[in-house]
Structures are given as C-alpha cells and as structure tokens.
>>> print(open('start.txt').read())   # compact mmCIF, C-alpha atoms
# COMPACT_ATOMS: atom_id res chain seq x y z
CA MET A 36 -14.11 54.34 193.63
CA THR A 37 -16.07 53.99 196.83
CA ASN A 38 -15.29 51.03 199.04
CA ARG A 39 -18.83 49.81 199.71
CA VAL A 40 -19.51 46.54 201.52
CA VAL A 41 -22.62 44.66 202.53
CA CYS A 42 -23.13 43.46 206.09
CA PRO A 43 -25.91 40.88 205.70
CA GLY A 44 -27.97 39.11 208.32
CA SER A 45 -31.42 38.48 209.71
CA PHE A 46 -31.02 41.05 212.51
CA ASP A 47 -34.11 39.73 214.32
CA PRO A 48 -33.45 41.72 216.46
CA ILE A 49 -30.28 43.77 216.01
CA THR A 50 -27.94 43.27 218.98
CA HIS A 51 -24.93 45.05 220.44
CA GLY A 52 -22.82 42.35 218.76
CA HIS A 53 -24.20 43.32 215.36
CA LEU A 54 -23.55 46.97 216.12
CA ASP A 55 -19.98 46.16 217.15
CA VAL A 56 -19.33 44.53 213.76
CA ILE A 57 -21.11 47.31 211.83
CA GLY A 58 -19.17 49.99 213.70
CA ARG A 59 -15.87 48.31 212.96
CA ALA A 60 -16.83 47.94 209.29
CA VAL A 61 -17.59 51.68 209.22
CA ARG A 62 -13.99 52.34 210.27
CA LEU A 63 -12.64 50.10 207.50
CA PHE A 64 -14.85 51.00 204.52
CA ASP A 65 -16.36 54.14 203.00
CA GLU A 66 -19.93 52.81 203.00
CA VAL A 67 -21.62 49.92 204.75
CA VAL A 68 -24.93 48.58 203.49
CA VAL A 69 -26.65 46.67 206.28
CA SER A 70 -28.87 44.22 204.42
CA VAL A 71 -31.69 42.30 206.03
CA GLY A 72 -32.15 38.92 204.40
CA ALA A 73 -35.81 38.51 203.59
CA ASN A 74 -35.51 34.88 202.50
CA SER A 75 -36.26 33.48 205.93
CA THR A 76 -39.74 32.43 206.92
CA LYS A 77 -38.68 31.08 210.28
CA PRO A 78 -41.67 30.57 212.59
CA THR A 79 -39.65 32.13 215.42
CA GLN A 80 -39.37 35.54 213.76
CA MET A 81 -40.12 38.37 216.15
CA PHE A 82 -40.14 41.32 213.74
CA THR A 83 -41.09 41.78 210.11
CA VAL A 84 -38.38 42.78 207.65
CA GLU A 85 -39.75 46.33 207.61
CA GLU A 86 -39.70 46.54 211.42
CA ARG A 87 -36.12 45.25 211.48
CA ILE A 88 -35.07 47.86 208.95
CA ASP A 89 -36.62 50.60 211.11
CA LEU A 90 -34.81 49.31 214.22
CA ILE A 91 -31.48 49.11 212.38
CA VAL A 92 -31.85 52.61 210.91
CA GLU A 93 -32.44 53.96 214.40
CA ALA A 94 -29.59 51.97 215.95
CA CYS A 95 -27.14 53.03 213.20
CA ALA A 96 -28.15 56.72 213.04
CA ARG A 97 -24.74 57.77 214.44
CA TRP A 98 -23.05 56.50 211.27
CA PRO A 99 -24.06 58.56 208.22
CA GLN A 100 -22.19 56.16 205.91
CA VAL A 101 -24.52 53.27 206.83
CA GLN A 102 -27.43 52.46 204.56
CA VAL A 103 -30.07 49.87 205.44
CA THR A 104 -31.96 47.72 202.97
CA SER A 105 -33.36 44.24 202.51
CA PHE A 106 -32.80 41.60 199.89
CA THR A 107 -34.08 38.28 198.63
CA GLY A 108 -32.23 35.73 196.60
CA LEU A 109 -28.49 35.32 196.35
CA LEU A 110 -26.19 37.58 198.34
CA VAL A 111 -23.82 37.89 195.37
CA ASP A 112 -26.66 39.29 193.24
CA HIS A 113 -27.60 41.78 195.96
CA CYS A 114 -23.98 42.92 196.32
CA HIS A 115 -23.76 43.47 192.59
CA ALA A 116 -27.06 45.41 192.60
CA VAL A 117 -25.87 47.81 195.34
CA GLY A 118 -22.36 48.14 193.93
CA ALA A 119 -20.63 46.44 196.86
CA MET A 120 -17.06 45.22 196.53
CA GLY A 121 -17.41 42.70 199.34
CA VAL A 122 -19.14 41.35 202.39
CA VAL A 123 -18.42 41.83 206.08
CA LYS A 124 -19.47 39.02 208.40
CA GLY A 125 -19.15 38.92 212.16
CA LEU A 126 -17.84 35.79 213.84
CA ARG A 127 -18.76 34.95 217.43
CA THR A 128 -17.41 31.41 217.63
CA ALA A 129 -15.46 28.81 215.71
CA GLY A 130 -18.83 27.34 214.71
CA ASP A 131 -19.69 30.61 212.95
CA PHE A 132 -16.43 30.36 211.01
CA GLU A 133 -17.17 26.78 209.97
CA TYR A 134 -20.62 27.87 208.74
CA GLU A 135 -19.48 31.09 207.01
CA LEU A 136 -16.27 29.94 205.31
CA PRO A 137 -17.87 27.64 202.71
CA MET A 138 -20.32 30.41 201.80
CA ALA A 139 -17.44 32.87 201.42
CA HIS A 140 -15.65 30.41 199.12
CA LEU A 141 -18.76 29.87 196.99
CA ASN A 142 -19.51 33.61 196.79
CA ARG A 143 -15.96 34.25 195.61
CA GLN A 144 -16.08 31.40 193.12
CA MET A 145 -19.44 32.55 191.71
CA SER A 146 -18.70 36.25 191.44
CA GLY A 147 -15.27 37.20 192.76
CA LEU A 148 -16.93 38.71 195.82
CA GLU A 149 -14.55 38.94 198.78
CA THR A 150 -15.62 38.32 202.38
CA VAL A 151 -14.00 40.00 205.37
CA PHE A 152 -14.50 38.27 208.72
CA VAL A 153 -14.61 40.46 211.80
CA PRO A 154 -14.45 38.74 215.18
CA THR A 155 -17.17 40.07 217.45
CA ALA A 156 -15.91 41.74 220.61
CA GLN A 157 -15.54 39.20 223.39
CA GLU A 158 -18.30 40.70 225.53
CA TRP A 159 -20.83 40.00 222.77
CA SER A 160 -19.61 36.55 221.71
CA ALA A 161 -22.44 34.72 223.51
CA VAL A 162 -25.17 37.06 222.26
CA SER A 163 -27.25 36.02 219.27
CA SER A 164 -30.61 37.22 218.01
CA THR A 165 -32.00 33.74 218.62
CA MET A 166 -30.92 33.82 222.28
CA VAL A 167 -32.29 37.35 222.74
CA ARG A 168 -35.69 36.24 221.39
CA GLU A 169 -35.67 33.17 223.60
CA ILE A 170 -34.74 35.11 226.75
CA ALA A 171 -37.39 37.74 226.02
CA ARG A 172 -40.15 35.23 225.30
CA PHE A 173 -39.48 33.54 228.64
CA GLY A 174 -39.72 36.84 230.49
CA GLY A 175 -36.01 37.61 230.82
CA ASP A 176 -34.43 41.04 230.60
CA VAL A 177 -32.57 41.64 227.32
CA ALA A 178 -31.64 45.27 227.98
CA ASP A 179 -27.91 44.46 228.25
CA PHE A 180 -27.84 42.80 224.82
CA VAL A 181 -29.67 45.27 222.56
CA PRO A 182 -30.07 49.05 222.24
CA ALA A 183 -32.67 50.57 224.58
CA THR A 184 -35.12 51.30 221.77
CA VAL A 185 -34.88 47.70 220.58
CA ALA A 186 -35.41 46.38 224.12
CA ALA A 187 -38.55 48.51 224.39
CA ARG A 188 -39.89 47.15 221.07
CA ILE A 189 -39.11 43.59 222.16
CA ALA A 190 -41.01 44.14 225.42
CA GLU A 191 -44.00 45.49 223.48
CA ARG A 192 -43.94 42.54 221.09
CA VAL A 193 -43.62 39.93 223.84
CA SER A 194 -46.45 41.59 225.78
CA ALA A 195 -48.68 41.55 222.68
CA GLU A 196 -47.90 37.86 222.07
CA ARG A 197 -49.12 36.87 225.52
>>> encode(input="start.txt", output="structure tokens")
Amino acid sequence: MTNRVVCPGSFDPITHGHLDVIGRAVRLFDEVVVSVGANSTKPTQMFTVEERIDLIVEACARWPQVQVTSFTGLLVDHCHAVGAMGVVKGLRTAGDFEYELPMAHLNRQMSGLETVFVPTAQEWSAVSSTMVREIARFGGDVADFVPATVAARIAERVSAER
C-alpha cells in the first residue's frame, strides 16, 4: 500500500514555507498530492487556480513523487477520491495550530482521516501568501520569500494590475 497524503492549501502564491513543508512531507511519505483549494473566491486572489497549479508544478519539479491538483468541496472527500491516507499541514504559529486542530478533529471524526502537523522552518514562520501578495502590491521585493519563477510571475501580475 502506498502512503499517499494530501497537502492542501490556497498556495496564492506558493512560498518557500510551503516548499519546506512539502519537501519534508516527501521525506515522510511515498506520494504527496499538493491540492489547491478552489473553494475560495477571495477578492485578493492574485492567481487563478490553474496558474497556481502551474507554479506549484514548476516549483516541485525536483520531487517526482509530488502530484499537483485542485479540489472543491470537503477535504475528506478529496482525500478519499485521490486515495490519500492523511493530510499534511504546515504550522507557522500557535494561531495556525488553533485554527487547524478543530478541522483535524472534524476530518478524523467524519472519515477517520489523520492529519500530520509539520512545523514550518523558523526562517519561513513569518511568511504567508497573504503577506507576499501585500508586499508585492505595495511595490516591495518578494524574491526572498518565493521561488525565482514565482517572483517573476508576481512582478508581471502586479505590473499588469497597475
């Protein structure tokens, strides 16, 4: 049996913190399905779901055991559909834990799905996709927080928005 897990998120955009968690999940499990949640219609979105998938595929190319997809609806249903035994979630702060723990409990209660929490490396603990978008939209340099190809796409997007 393959140990396949889902690493869900919005990934708008994917950051070095996300890649840290994905890379550590790759070392723990046979297959990691990075799944972009398509439920969000946040007005602050920078990239479409399809664009995010393309950026993630490129950023994760070094890991052949990573697959990238999107999903709508309940995470437990998506995990069942892709044959995942569990979920891997990155935690940056205690606030993330407080937000994620009740969801992990409900997912387990609904379907038996286990959640593994991976603390993000300290150097990425302040980095979030929301902060990267905010910095970029105000003209700041985000090159230290995201892969180079992602930084280039962000610069193009911000330039087009102006």
>>> residues_around(input="start.txt", residues="His115 of chain A", least_positions_apart="6", cutoff="10 Å", atoms="only C-alpha atoms", output="PyMOL selection string")
chain A and resi 121+146+148
>>> atom_distance(input="start.txt", atom1="atom CA of Leu126 of chain A", atom2="atom CA of Val56 of chain A")
8.9 Å
>>> residues_around(input="start.txt", residues="segment 65-67 of chain A", least_positions_apart="5", cutoff="6 Å", atoms="all atoms listed in the file", output="PDB file with C-alpha atoms, in the frame of the given file")
ATOM      1  CA  ASN A  38     -15.290  51.030 199.040  1.00  0.00           C
ATOM      2  CA  ARG A  39     -18.830  49.810 199.710  1.00  0.00           C
ATOM      3  CA  VAL A  40     -19.510  46.540 201.520  1.00  0.00           C
ATOM      4  CA  VAL A  41     -22.620  44.660 202.530  1.00  0.00           C
ATOM      5  CA  GLN A 100     -22.190  56.160 205.910  1.00  0.00           C
ATOM      6  CA  VAL A 101     -24.520  53.270 206.830  1.00  0.00           C
TER       7      VAL A 101
END
>>> atom_distance(input="start.txt", atom1="atom CA of His51 of chain A", atom2="atom CA of Val181 of chain A")
5.2 Å
>>> residues_near_point(input="start.txt", point="(-15.0, 39.9, 212.0)", cutoff="10 Å", atoms="only C-alpha atoms", output="VMD selection string")
chain A and resid 55 to 57 59 to 60 123 to 127 132 150 to 156
>>> atom_distance(input="start.txt", atom1="atom CA of Phe180 of chain A", atom2="atom CA of Thr50 of chain A")
5.9 Å
>>> residues_around(input="start.txt", residues="Arg197 of chain A", least_positions_apart="6", cutoff="12 Å", atoms="all atoms listed in the file", output="list in words")
Ala171, Arg172, Phe173, Gly174, Ala190 and Glu191 of chain A
>>> residues_around(input="start.txt", residues="segment 87-96 of chain A", least_positions_apart="3", cutoff="12 Å", atoms="all atoms listed in the file", output="PyMOL selection string")
chain A and resi 42-51+53-58+61+67-73+80-84+99-106+164+181-189
>>> closest_residue(input="start.txt", among="A:Asp176, A:Glu86, A:Glu135, A:Asp112", to="Gly147 of chain A", atoms="all atoms listed in the file")
A:Asp112
>>> closest_residue(input="start.txt", among="A:Thr37, A:Gln157, A:Thr165, A:Ser194", to="Ala119 of chain A", atoms="only C-alpha atoms")
A:Thr37
>>> closest_residue(input="start.txt", among="A:Gly108, A:Phe64, A:Arg97, A:Gly52", to="Val167 of chain A", atoms="all atoms listed in the file")
A:Gly52
